[in-house]
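Source file: entry_25.pdb. Holds: PDB, C-alpha atoms.
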MODEL        1
ATOM      1  CA  MET Q  64     112.135  20.187   7.429
ATOM      2  CA  THR Q  65     109.886  17.177   7.289
ATOM      3  CA  GLU Q  66     107.777  15.892  10.144
ATOM      4  CA  HIS Q  67     109.932  12.765  10.274
ATOM      5  CA  SER Q  68     113.202  14.620  10.666
ATOM      6  CA  LYS Q  69     111.875  16.492  13.702
ATOM      7  CA  GLU Q  70     111.450  13.206  15.531
ATOM      8  CA  LYS Q  71     114.166  11.425  17.398
ATOM      9  CA  ASN Q  72     114.731   8.252  15.424
ATOM     10  CA  PHE Q  73     117.585   6.712  17.443
ATOM     11  CA  GLY Q  74     119.579   6.115  14.271
ATOM     12  CA  LEU Q  75     116.834   3.932  12.839
ATOM     13  CA  ASP Q  76     116.341   5.892   9.611
ATOM     14  CA  ALA Q  77     118.629   3.641   7.580
ATOM     15  CA  PHE Q  78     116.627   0.609   8.705
ATOM     16  CA  PHE Q  79     113.325   2.275   7.838
ATOM     17  CA  ASP Q  80     114.692   3.347   4.438
ATOM     18  CA  ALA Q  81     115.845  -0.202   3.751
ATOM     19  CA  ALA Q  82     112.428  -1.582   4.694
ATOM     20  CA  ARG Q  83     110.658   0.907   2.421
ATOM     21  CA  ASN Q  84     112.984   0.029  -0.453
ATOM     22  CA  GLN Q  85     112.485  -3.727  -0.047
ATOM     23  CA  PRO Q  86     108.756  -4.183   0.441
ATOM     24  CA  PRO Q  87     107.456  -7.746   0.737
ATOM     25  CA  MET Q  88     105.845  -8.488  -2.633
ATOM     26  CA  PRO Q  89     102.769 -10.667  -3.106
ATOM     27  CA  SER Q  90     102.871 -13.634  -5.482
ATOM     28  CA  GLY Q  91     101.048 -13.761  -8.789
ATOM     29  CA  ASP Q  92      98.762 -16.475  -7.434
ATOM     30  CA  PHE Q  93      97.758 -14.230  -4.555
ATOM     31  CA  MET Q  94      96.968 -11.351  -6.932
ATOM     32  CA  ALA Q  95      94.893 -13.714  -9.084
ATOM     33  CA  ARG Q  96      92.917 -14.871  -6.042
ATOM     34  CA  ILE Q  97      92.203 -11.288  -5.007
ATOM     35  CA  LEU Q  98      90.983 -10.398  -8.504
ATOM     36  CA  ALA Q  99      88.831 -13.537  -8.618
ATOM     37  CA  ASP Q 100      87.255 -12.499  -5.305
ATOM     38  CA  ALA Q 101      86.664  -8.998  -6.657
ATOM     39  CA  GLU Q 102      84.949 -10.274  -9.779
ATOM     40  CA  GLY Q 103      82.934 -12.837  -7.862
ATOM     41  CA  VAL Q 104      81.588 -10.321  -5.367
ATOM     42  CA  GLN Q 105      80.938  -7.780  -8.108
ATOM     43  CA  ALA Q 106      78.934 -10.325 -10.112
ATOM     44  CA  GLY Q 107      76.491 -10.504  -7.209
ATOM     45  CA  PHE Q 108      75.782  -6.767  -7.097
ATOM     46  CA  GLY Q 109      72.216  -5.894  -8.085
ATOM     47  CA  THR Q 110      71.238  -9.466  -8.816
ATOM     48  CA  THR Q 111      69.445 -10.377  -5.603
ATOM     49  CA  PRO Q 112      66.997 -13.160  -6.557
ATOM     50  CA  VAL Q 113      63.395 -11.961  -6.785
ATOM     51  CA  LYS Q 114      60.751 -14.125  -5.096
ATOM     52  CA  THR Q 115      58.684 -15.546  -7.953
ATOM     53  CA  GLU Q 116      56.168 -17.796  -6.147
ATOM     54  CA  ALA Q 117      52.595 -17.681  -7.479
ATOM     55  CA  PRO Q 118      50.295 -15.479  -5.361
ATOM     56  CA  GLY Q 119      47.965 -17.322  -2.979
ATOM     57  CA  LEU Q 120      44.147 -17.519  -3.239
ATOM     58  CA  TRP Q 121      43.631 -14.663  -0.782
ATOM     59  CA  ALA Q 122      46.097 -12.422  -2.632
ATOM     60  CA  SER Q 123      44.433 -13.216  -5.962
ATOM     61  CA  LEU Q 124      40.909 -12.481  -4.690
ATOM     62  CA  SER Q 125      42.038  -9.389  -2.908
ATOM     63  CA  ALA Q 126      43.629  -8.066  -6.077
ATOM     64  CA  LEU Q 127      40.572  -8.968  -8.135
ATOM     65  CA  PHE Q 128      38.251  -6.940  -5.925
ATOM     66  CA  GLY Q 129      40.443  -3.925  -5.479
ATOM     67  CA  GLY Q 130      42.588  -4.810  -2.501
ATOM     68  CA  ILE Q 131      41.634  -4.748   1.159
ATOM     69  CA  VAL Q 132      39.162  -1.857   0.771
ATOM     70  CA  GLY Q 133      37.238  -3.595  -1.985
ATOM     71  CA  VAL Q 134      37.149  -6.895  -0.127
ATOM     72  CA  GLY Q 135      35.982  -5.095   3.029
ATOM     73  CA  GLY Q 136      33.067  -3.573   1.107
ATOM     74  CA  MET Q 137      32.161  -6.958  -0.336
ATOM     75  CA  ALA Q 138      32.172  -8.534   3.117
ATOM     76  CA  THR Q 139      29.936  -5.788   4.524
ATOM     77  CA  ALA Q 140      27.441  -6.197   1.698
ATOM     78  CA  ALA Q 141      27.401  -9.969   2.160
ATOM     79  CA  LEU Q 142      26.728  -9.653   5.890
ATOM     80  CA  ALA Q 143      23.953  -7.140   5.220
ATOM     81  CA  GLY Q 144      22.350  -9.588   2.795
ATOM     82  CA  VAL Q 145      22.468 -12.386   5.335
ATOM     83  CA  TRP Q 146      20.932 -10.139   7.982
ATOM     84  CA  ILE Q 147      18.090  -9.041   5.687
ATOM     85  CA  GLY Q 148      17.428 -12.671   4.832
ATOM     86  CA  PHE Q 149      17.007 -13.597   8.473
ATOM     87  CA  ALA Q 150      14.996 -10.519   9.378
ATOM     88  CA  GLY Q 151      12.537 -10.951   6.444
ATOM     89  CA  VAL Q 152      11.373  -8.367   3.860
ATOM     90  CA  GLY Q 153       8.417  -7.288   6.046
ATOM     91  CA  GLY Q 154      10.743  -5.577   8.346
ATOM     92  CA  ILE Q 155      12.069  -3.334   5.606
ATOM     93  CA  ASP Q 156       9.107  -0.986   6.101
ATOM     94  CA  ALA Q 157      10.662   0.270   9.268
ATOM     95  CA  TYR Q 158      13.625   1.601   7.289
ATOM     96  CA  TRP Q 159      11.735   2.719   4.135
ATOM     97  CA  PRO Q 160       8.421   4.200   5.303
ATOM     98  CA  GLY Q 161       5.638   3.982   2.767
ATOM     99  CA  ALA Q 162       7.544   2.060   0.153
ATOM    100  CA  ALA Q 163       5.544  -1.121   0.542
ATOM    101  CA  SER Q 164       2.183   0.288   1.607
ATOM    102  CA  GLU Q 165       1.575   3.272  -0.704
ATOM    103  CA  ALA Q 166       3.075   2.288  -4.021
ATOM    104  CA  THR Q 167       3.923  -0.691  -6.159
ATOM    105  CA  ILE Q 168       6.781  -1.018  -8.593
ATOM    106  CA  ALA Q 169       4.315  -0.850 -11.500
ATOM    107  CA  SER Q 170       2.987   2.535 -10.402
ATOM    108  CA  VAL Q 171       6.293   4.299 -10.165
ATOM    109  CA  ASP Q 172       6.505   7.080 -12.808
ATOM    110  CA  LEU Q 173      10.077   7.288 -13.912
ATOM    111  CA  MET Q 174       9.500  10.061 -16.501
ATOM    112  CA  PRO Q 175       6.789  12.501 -15.613
ATOM    113  CA  ALA Q 176       6.514  13.719 -19.223
ATOM    114  CA  GLY Q 177       3.465  15.767 -18.614
ATOM    115  CA  THR Q 178       5.236  18.195 -16.429
ATOM    116  CA  PHE Q 179       8.977  18.720 -16.681
ATOM    117  CA  LEU Q 180       9.503  17.467 -20.266
ATOM    118  CA  SER Q 181       6.663  19.388 -21.821
ATOM    119  CA  ALA Q 182       7.752  22.510 -20.049
ATOM    120  CA  ALA Q 183      11.221  22.069 -21.444
ATOM    121  CA  LEU Q 184       9.953  21.588 -25.024
ATOM    122  CA  GLU Q 185       7.771  24.602 -24.798
ATOM    123  CA  GLY Q 186      10.724  26.689 -23.784
ATOM    124  CA  ASN Q 187      12.400  26.204 -27.209
TER     125      ASN Q 187
ATOM    126  CA  MET E 189      79.619   1.327 -18.788
ATOM    127  CA  SER E 190      83.190   0.145 -18.279
ATOM    128  CA  MET E 191      86.156   2.492 -18.424
ATOM    129  CA  ALA E 192      89.458   1.389 -19.991
ATOM    130  CA  PHE E 193      91.990   0.175 -17.424
ATOM    131  CA  ASP E 194      94.559   2.842 -18.373
ATOM    132  CA  ALA E 195      91.978   5.595 -18.083
ATOM    133  CA  LEU E 196      91.493   4.711 -14.416
ATOM    134  CA  SER E 197      95.052   5.532 -13.395
ATOM    135  CA  GLU E 198      94.079   9.142 -12.681
ATOM    136  CA  VAL E 199      90.864   8.262 -10.852
ATOM    137  CA  SER E 200      90.901   8.657  -7.054
ATOM    138  CA  ASP E 201      90.754   5.577  -4.846
ATOM    139  CA  GLU E 202      87.337   6.493  -3.566
ATOM    140  CA  ALA E 203      85.844   7.163  -7.012
ATOM    141  CA  LEU E 204      87.344   3.893  -8.206
ATOM    142  CA  LEU E 205      85.611   2.011  -5.419
ATOM    143  CA  VAL E 206      82.295   3.613  -6.346
ATOM    144  CA  LEU E 207      82.854   2.554  -9.973
ATOM    145  CA  TYR E 208      83.566  -0.968  -8.758
ATOM    146  CA  GLY E 209      80.359  -0.929  -6.735
ATOM    147  CA  ASN E 210      78.515   0.124  -9.874
ATOM    148  CA  GLY E 211      79.758  -2.988 -11.662
ATOM    149  CA  ASP E 212      82.730  -1.677 -13.645
ATOM    150  CA  PRO E 213      85.079  -4.679 -14.248
ATOM    151  CA  ALA E 214      88.067  -2.448 -15.071
ATOM    152  CA  ALA E 215      87.687  -0.850 -11.635
ATOM    153  CA  ALA E 216      88.013  -4.320 -10.052
ATOM    154  CA  ARG E 217      91.352  -4.822 -11.781
ATOM    155  CA  ALA E 218      92.603  -1.318 -10.972
ATOM    156  CA  LEU E 219      91.693  -1.632  -7.281
ATOM    157  CA  THR E 220      93.363  -5.030  -7.060
ATOM    158  CA  VAL E 221      96.597  -3.644  -8.504
ATOM    159  CA  ARG E 222      96.444  -0.597  -6.246
ATOM    160  CA  PHE E 223      95.529  -2.176  -2.923
ATOM    161  CA  ALA E 224      96.330  -5.893  -2.834
ATOM    162  CA  PRO E 225     100.109  -5.274  -2.573
ATOM    163  CA  LEU E 226      99.507  -2.726   0.198
ATOM    164  CA  ALA E 227      97.324  -5.151   2.141
ATOM    165  CA  TYR E 228      99.859  -7.948   1.767
ATOM    166  CA  ARG E 229     102.833  -5.715   2.611
ATOM    167  CA  VAL E 230     101.324  -4.399   5.831
ATOM    168  CA  ALA E 231     100.038  -7.819   6.856
ATOM    169  CA  TYR E 232     103.474  -9.336   6.290
ATOM    170  CA  ARG E 233     105.187  -6.650   8.334
ATOM    171  CA  MET E 234     102.777  -7.260  11.169
ATOM    172  CA  LEU E 235     102.976 -11.062  11.050
ATOM    173  CA  THR E 236     106.376 -11.913   9.502
ATOM    174  CA  ASP E 237     104.744 -14.920   7.841
ATOM    175  CA  GLY E 238     103.903 -15.044   4.145
ATOM    176  CA  ALA E 239     101.022 -17.522   4.312
ATOM    177  CA  GLU E 240      99.332 -15.756   7.216
ATOM    178  CA  ALA E 241      99.886 -12.392   5.529
ATOM    179  CA  GLU E 242      98.122 -13.676   2.401
ATOM    180  CA  ASP E 243      95.164 -14.902   4.455
ATOM    181  CA  VAL E 244      94.806 -11.593   6.278
ATOM    182  CA  ALA E 245      95.244  -9.505   3.131
ATOM    183  CA  GLN E 246      92.698 -11.597   1.218
ATOM    184  CA  GLU E 247      90.158 -11.276   4.036
ATOM    185  CA  ALA E 248      90.694  -7.507   4.210
ATOM    186  CA  MET E 249      90.284  -7.143   0.450
ATOM    187  CA  LEU E 250      87.161  -9.293   0.528
ATOM    188  CA  ARG E 251      85.676  -6.908   3.097
ATOM    189  CA  LEU E 252      86.572  -4.023   0.797
ATOM    190  CA  TRP E 253      84.768  -5.634  -2.140
ATOM    191  CA  LYS E 254      81.678  -6.281  -0.059
ATOM    192  CA  ILE E 255      81.463  -2.788   1.381
ATOM    193  CA  ALA E 256      81.882  -1.099  -2.025
ATOM    194  CA  PRO E 257      78.159  -0.659  -2.878
ATOM    195  CA  GLU E 258      77.644   1.205   0.410
ATOM    196  CA  TRP E 259      80.750   3.395   0.027
ATOM    197  CA  ARG E 260      79.991   7.108  -0.141
ATOM    198  CA  ASN E 261      82.555   9.295  -1.880
ATOM    199  CA  GLY E 262      84.132  11.711   0.606
ATOM    200  CA  GLU E 263      83.300   9.743   3.746
ATOM    201  CA  ALA E 264      86.723   8.168   4.301
ATOM    202  CA  LYS E 265      89.947   7.335   2.506
ATOM    203  CA  VAL E 266      90.054   3.823   1.123
ATOM    204  CA  SER E 267      93.718   3.437   2.085
ATOM    205  CA  THR E 268      93.097   4.464   5.710
ATOM    206  CA  TRP E 269      90.139   2.077   5.911
ATOM    207  CA  LEU E 270      92.285  -0.740   4.516
ATOM    208  CA  TYR E 271      95.206  -0.016   6.866
ATOM    209  CA  ARG E 272      92.771  -0.271   9.787
ATOM    210  CA  VAL E 273      91.203  -3.547   8.650
ATOM    211  CA  VAL E 274      94.522  -5.204   7.809
ATOM    212  CA  THR E 275      96.240  -4.204  11.046
ATOM    213  CA  ASN E 276      93.225  -5.196  13.133
ATOM    214  CA  LEU E 277      93.002  -8.610  11.469
ATOM    215  CA  ALA E 278      96.743  -9.092  11.889
ATOM    216  CA  THR E 279      96.558  -8.071  15.556
ATOM    217  CA  ASP E 280      93.810 -10.641  16.118
ATOM    218  CA  ARG E 281      96.099 -13.298  14.633
ATOM    219  CA  LEU E 282      98.970 -12.223  16.860
ATOM    220  CA  ARG E 283      96.753 -12.460  19.948
ATOM    221  CA  LYS E 284      95.690 -15.966  19.031
ATOM    222  CA  ARG E 285      99.255 -16.914  18.239
ATOM    223  CA  ARG E 286     100.492 -15.742  21.606
ATOM    224  CA  GLY E 287      97.378 -16.470  23.592
ATOM    225  CA  VAL E 288      97.561 -13.140  25.395
ATOM    226  CA  GLY E 289      95.659  -9.851  25.199
ATOM    227  CA  LEU E 290      97.154  -6.585  24.043
ATOM    228  CA  ASP E 291      97.540  -5.274  27.567
ATOM    229  CA  GLU E 292      99.471  -8.373  28.496
ATOM    230  CA  ALA E 293     101.934  -8.096  25.617
ATOM    231  CA  PRO E 294     105.416  -8.240  27.078
ATOM    232  CA  GLU E 295     107.694  -5.236  26.973
ATOM    233  CA  ILE E 296     111.177  -5.574  25.549
ATOM    234  CA  GLU E 297     113.713  -7.220  27.806
ATOM    235  CA  ASP E 298     117.467  -6.913  27.438
ATOM    236  CA  GLY E 299     117.863 -10.621  26.850
ATOM    237  CA  LYS E 300     115.587 -10.539  23.801
ATOM    238  CA  ALA E 301     118.239  -8.758  21.779
ATOM    239  CA  SER E 302     120.361 -11.886  21.776
ATOM    240  CA  VAL E 303     118.000 -13.586  19.326
ATOM    241  CA  LEU E 304     119.259 -11.198  16.688
ATOM    242  CA  GLU E 305     122.700 -12.785  16.738
ATOM    243  CA  VAL E 306     121.585 -15.319  14.165
ATOM    244  CA  MET E 307     120.803 -12.500  11.754
ATOM    245  CA  ILE E 308     124.191 -10.825  11.624
ATOM    246  CA  ALA E 309     124.654 -11.529   7.949
ATOM    247  CA  GLU E 310     121.239 -10.290   6.935
ATOM    248  CA  ASP E 311     120.532  -6.828   5.608
ATOM    249  CA  ARG E 312     118.915  -3.930   7.384
ATOM    250  CA  ALA E 313     115.400  -4.623   6.153
ATOM    251  CA  ALA E 314     115.473  -8.223   7.359
ATOM    252  CA  VAL E 315     116.986  -7.231  10.690
ATOM    253  CA  LEU E 316     114.377  -4.534  11.171
ATOM    254  CA  GLN E 317     111.609  -7.025  10.334
ATOM    255  CA  LYS E 318     112.883  -9.418  12.978
ATOM    256  CA  ALA E 319     113.157  -6.618  15.495
ATOM    257  CA  LEU E 320     109.632  -5.435  14.687
ATOM    258  CA  ASP E 321     108.459  -8.957  15.398
ATOM    259  CA  LEU E 322     109.636  -8.530  18.983
ATOM    260  CA  LEU E 323     107.802  -5.277  19.648
ATOM    261  CA  PRO E 324     104.432  -5.185  21.415
ATOM    262  CA  ASP E 325     101.652  -5.321  18.814
ATOM    263  CA  ARG E 326     100.405  -1.743  19.040
ATOM    264  CA  GLN E 327     103.916  -0.296  18.965
ATOM    265  CA  ARG E 328     104.752  -2.386  15.929
ATOM    266  CA  GLN E 329     101.545  -1.288  14.227
ATOM    267  CA  ALA E 330     102.298   2.384  14.862
ATOM    268  CA  ILE E 331     105.930   2.080  13.737
ATOM    269  CA  ILE E 332     104.991   0.298  10.510
ATOM    270  CA  LEU E 333     102.336   2.847   9.601
ATOM    271  CA  ARG E 334     104.459   5.855  10.579
ATOM    272  CA  HIS E 335     107.983   5.036   9.511
ATOM    273  CA  ILE E 336     107.591   2.457   6.766
ATOM    274  CA  GLU E 337     104.207   3.189   5.186
ATOM    275  CA  GLY E 338     104.720   6.922   5.744
ATOM    276  CA  LEU E 339     101.306   7.840   7.141
ATOM    277  CA  SER E 340     100.870  11.044   9.130
ATOM    278  CA  ASN E 341     100.054  10.848  12.833
ATOM    279  CA  PRO E 342      96.409  11.926  12.280
ATOM    280  CA  GLN E 343      96.027   9.219   9.596
ATOM    281  CA  ILE E 344      97.453   6.629  11.969
ATOM    282  CA  ALA E 345      95.160   7.859  14.728
ATOM    283  CA  GLU E 346      92.198   7.271  12.394
ATOM    284  CA  ALA E 347      93.449   3.861  11.300
ATOM    285  CA  MET E 348      94.136   2.722  14.877
ATOM    286  CA  GLU E 349      91.071   4.480  16.302
ATOM    287  CA  ILE E 350      93.097   6.269  18.973
ATOM    288  CA  GLY E 351      94.185   9.845  19.615
ATOM    289  CA  VAL E 352      97.176  11.537  17.996
ATOM    290  CA  GLU E 353      98.967  11.770  21.352
ATOM    291  CA  ALA E 354      98.596   8.034  21.816
ATOM    292  CA  VAL E 355     100.116   7.515  18.367
ATOM    293  CA  GLU E 356     103.084   9.695  19.294
ATOM    294  CA  SER E 357     103.546   7.753  22.514
ATOM    295  CA  LEU E 358     103.388   4.388  20.733
ATOM    296  CA  THR E 359     105.865   5.385  18.030
ATOM    297  CA  ALA E 360     108.285   6.879  20.561
ATOM    298  CA  ARG E 361     108.198   3.753  22.733
ATOM    299  CA  GLY E 362     108.432   1.562  19.661
ATOM    300  CA  LYS E 363     111.530   3.338  18.415
ATOM    301  CA  ARG E 364     113.198   3.099  21.820
ATOM    302  CA  GLY E 365     112.434  -0.608  21.807
ATOM    303  CA  LEU E 366     113.821  -1.062  18.302
ATOM    304  CA  ALA E 367     116.932   0.927  19.175
ATOM    305  CA  LYS E 368     117.510  -1.299  22.192
ATOM    306  CA  LEU E 369     117.033  -4.443  20.100
ATOM    307  CA  LEU E 370     119.370  -3.251  17.378
ATOM    308  CA  ALA E 371     122.026  -1.626  19.535
ATOM    309  CA  ASP E 372     123.981  -4.784  20.178
ATOM    310  CA  GLN E 373     123.978  -5.671  16.495
ATOM    311  CA  ARG E 374     124.872  -2.305  15.048
ATOM    312  CA  GLU E 375     128.647  -2.608  15.137
ATOM    313  CA  GLU E 376     128.691  -6.257  14.222
ATOM    314  CA  LEU E 377     126.591  -5.559  11.165
ATOM    315  CA  GLY E 378     128.864  -2.671  10.208
ATOM    316  CA  PHE E 379     126.025  -0.137  10.092
ATOM    317  CA  GLY E 380     127.613   2.359  12.493
ATOM    318  CA  ASP E 381     125.599   5.354  13.658
ATOM    319  CA  ASP E 382     123.264   6.868  11.064
TER     320      ASP E 382
ENDMDL
END
Spit out the file's structure as structure tokens when you get a sec.
Amino acid sequence: MTEHSKEKNFGLDAFFDAARNQPPMPSGDFMARILADAEGVQAGFGTTPVKTEAPGLWASLSALFGGIVGVGGMATAALAGVWIGFAGVGGIDAYWPGAASEATIASVDLMPAGTFLSAALEGN
Amino acid sequence: MSMAFDALSEVSDEALLVLYGNGDPAAARALTVRFAPLAYRVAYRMLTDGAEAEDVAQEAMLRLWKIAPEWRNGEAKVSTWLYRVVTNLATDRLRKRRGVGLDEAPEIEDGKASVLEVMIAEDRAAVLQKALDLLPDRQRQAIILRHIEGLSNPQIAEAMEIGVEAVESLTARGKRGLAKLLADQREELGFGDD
């Protein structure tokens, strides 16, 4: 016994059967419009336009120097340079004790050959 | 990759919609053939007007096309979704046409049956369509889905976004209303008791 037959249908079954057997049919033009809509919408899938404007000056510089971190480092170094320029080189002694008073660039021994190198050669 | 149209006849509605969303042109044709007549048929039965039924069915199908890329297989039945959209759009049209809300829709009055006298020579389907046109919107919607489209009560509940008991109540009241509308015509039309 079907679910329908359990219900009280007031003698309407013949009317419902007739309606099912004579469904309103859409026209060919309507079907063509629906298909055209389907193809039109489908053509837009996955083709969202990509923004292709040229990057601005800030974006270009930022990229050139390694993004925001690189640019931040550059800015810090620039500010430090400006500060040293105003403060004068004499003041550097306070941060590098002895550098200016006890040695000159010419007297710096970059390769103390008489000690470490000769000891290494002797070891062979 | 596109599948041949014939090969899609065994594919489920939901899988077909996913194929469509993936760009398969054959799926567009198969879905149109499968669902456009359904959308039109239900819209016509709700509105009893071919031009309005086409508008509603086209709008419902357009919504189906647009939602396809977001459709997840197994989430819902395409047919149930479409029944809901079509009947809701048609109900909106009926409200505008009448200028009243659903709660204000008039119940059947005895005098309404007399309008069927002009349809004595028409067949059962046409008479039923005219009688459906006189039912309150929600009753008509439930009757169409239950007794003409053949949906189960739980499917109708999902499509109408109401409970199963409410569906049963609507269909029972709808059938009583139809019976009242058709009673006076039954003998004159020669249908007798079925």
Checklist entry - Taking all atoms listed in the file into account, what are the residues of chain E at most 9 Å from chain Q, put as a PyMOL selection string? => result chain E and resi 208-213+216-217+219-221+224-225+228-230+232-233+238+242+245-246+249-250+252-254+257+311-317+332+334-337+340+360+363-364+366-367+370+379+381-382
Item to check | Two-atom distance - CA of Leu270 in chain E, CA of Leu282 in chain E (Å) | outcome: 18.1 Å
Got a sec to resolve the PyMOL selection byres ((chain E and resi 196) around 12) on this structure and send the residues as a CSV table (one decimal) with C-alpha atoms, keeping the file's coordinate frame?
chain,number,residue,atom,x,y,z
E,190,SER,CA,83.2,0.1,-18.3
E,191,MET,CA,86.2,2.5,-18.4
E,192,ALA,CA,89.5,1.4,-20.0
E,193,PHE,CA,92.0,0.2,-17.4
E,194,ASP,CA,94.6,2.8,-18.4
E,195,ALA,CA,92.0,5.6,-18.1
E,197,SER,CA,95.1,5.5,-13.4
E,198,GLU,CA,94.1,9.1,-12.7
E,199,VAL,CA,90.9,8.3,-10.9
E,200,SER,CA,90.9,8.7,-7.1
E,201,ASP,CA,90.8,5.6,-4.8
E,202,GLU,CA,87.3,6.5,-3.6
E,203,ALA,CA,85.8,7.2,-7.0
E,204,LEU,CA,87.3,3.9,-8.2
E,205,LEU,CA,85.6,2.0,-5.4
E,207,LEU,CA,82.9,2.6,-10.0
E,208,TYR,CA,83.6,-1.0,-8.8
E,212,ASP,CA,82.7,-1.7,-13.6
E,213,PRO,CA,85.1,-4.7,-14.2
E,214,ALA,CA,88.1,-2.4,-15.1
E,215,ALA,CA,87.7,-0.8,-11.6
E,216,ALA,CA,88.0,-4.3,-10.1
E,217,ARG,CA,91.4,-4.8,-11.8
E,218,ALA,CA,92.6,-1.3,-11.0
E,219,LEU,CA,91.7,-1.6,-7.3
E,221,VAL,CA,96.6,-3.6,-8.5
E,222,ARG,CA,96.4,-0.6,-6.2
Next on the checklist: When the PyMOL selection byres ((chain E and resi 278) around 8) is applied to the structure above, which residues does it catch, written out as a count of residues only?
Outcome noted: 13
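The coordinates place CA of Thr268 in chain E at 17.4 Å from CA of Ala354 in chain E.
Each of E:Val273, E:Ala319, E:Ile331, E:Ala371 was checked against Glu349 in chain E using all atoms listed in the file; the smallest atom-to-atom distance is that of E:Val273.
Here CA of Glu240 in chain E and CA of Arg283 in chain E stand 13.4 Å from one another.
Residues within 9 Å of Pro342 in chain E, counting only C-alpha atoms and excluding same-chain residues fewer than 6 positions away, are Gly351, Val352 and Val355 of chain E.
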For range 346-357 of chain E, supply N, CA and C atoms and format the output as a tab-separated table (two decimals), in the frame of the given file.
chain	number	residue	atom	x	y	z
E	346	GLU	N	93.47	7.72	12.97
E	346	GLU	CA	92.20	7.27	12.39
E	346	GLU	C	92.23	5.76	12.14
E	347	ALA	N	93.34	5.29	11.61
E	347	ALA	CA	93.45	3.86	11.30
E	347	ALA	C	93.43	3.01	12.57
E	348	MET	N	94.06	3.51	13.65
E	348	MET	CA	94.14	2.72	14.88
E	348	MET	C	93.02	3.07	15.86
E	349	GLU	N	92.21	4.07	15.47
E	349	GLU	CA	91.07	4.48	16.30
E	349	GLU	C	91.53	4.89	17.71
E	350	ILE	N	92.59	5.70	17.72
E	350	ILE	CA	93.10	6.27	18.97
E	350	ILE	C	93.43	7.73	18.72
E	351	GLY	N	93.84	8.44	19.77
E	351	GLY	CA	94.18	9.85	19.61
E	351	GLY	C	95.60	10.02	19.06
E	352	VAL	N	95.86	11.24	18.57
E	352	VAL	CA	97.18	11.54	18.00
E	352	VAL	C	98.27	11.43	19.06
E	353	GLU	N	97.96	11.86	20.28
E	353	GLU	CA	98.97	11.77	21.35
E	353	GLU	C	99.32	10.32	21.66
E	354	ALA	N	98.33	9.46	21.58
E	354	ALA	CA	98.60	8.03	21.82
E	354	ALA	C	99.49	7.47	20.71
E	355	VAL	N	99.27	7.95	19.48
E	355	VAL	CA	100.12	7.52	18.37
E	355	VAL	C	101.56	7.94	18.63
E	356	GLU	N	101.73	9.19	19.04
E	356	GLU	CA	103.08	9.70	19.29
E	356	GLU	C	103.76	8.88	20.39
E	357	SER	N	102.99	8.54	21.42
E	357	SER	CA	103.55	7.75	22.51
E	357	SER	C	103.96	6.36	22.04
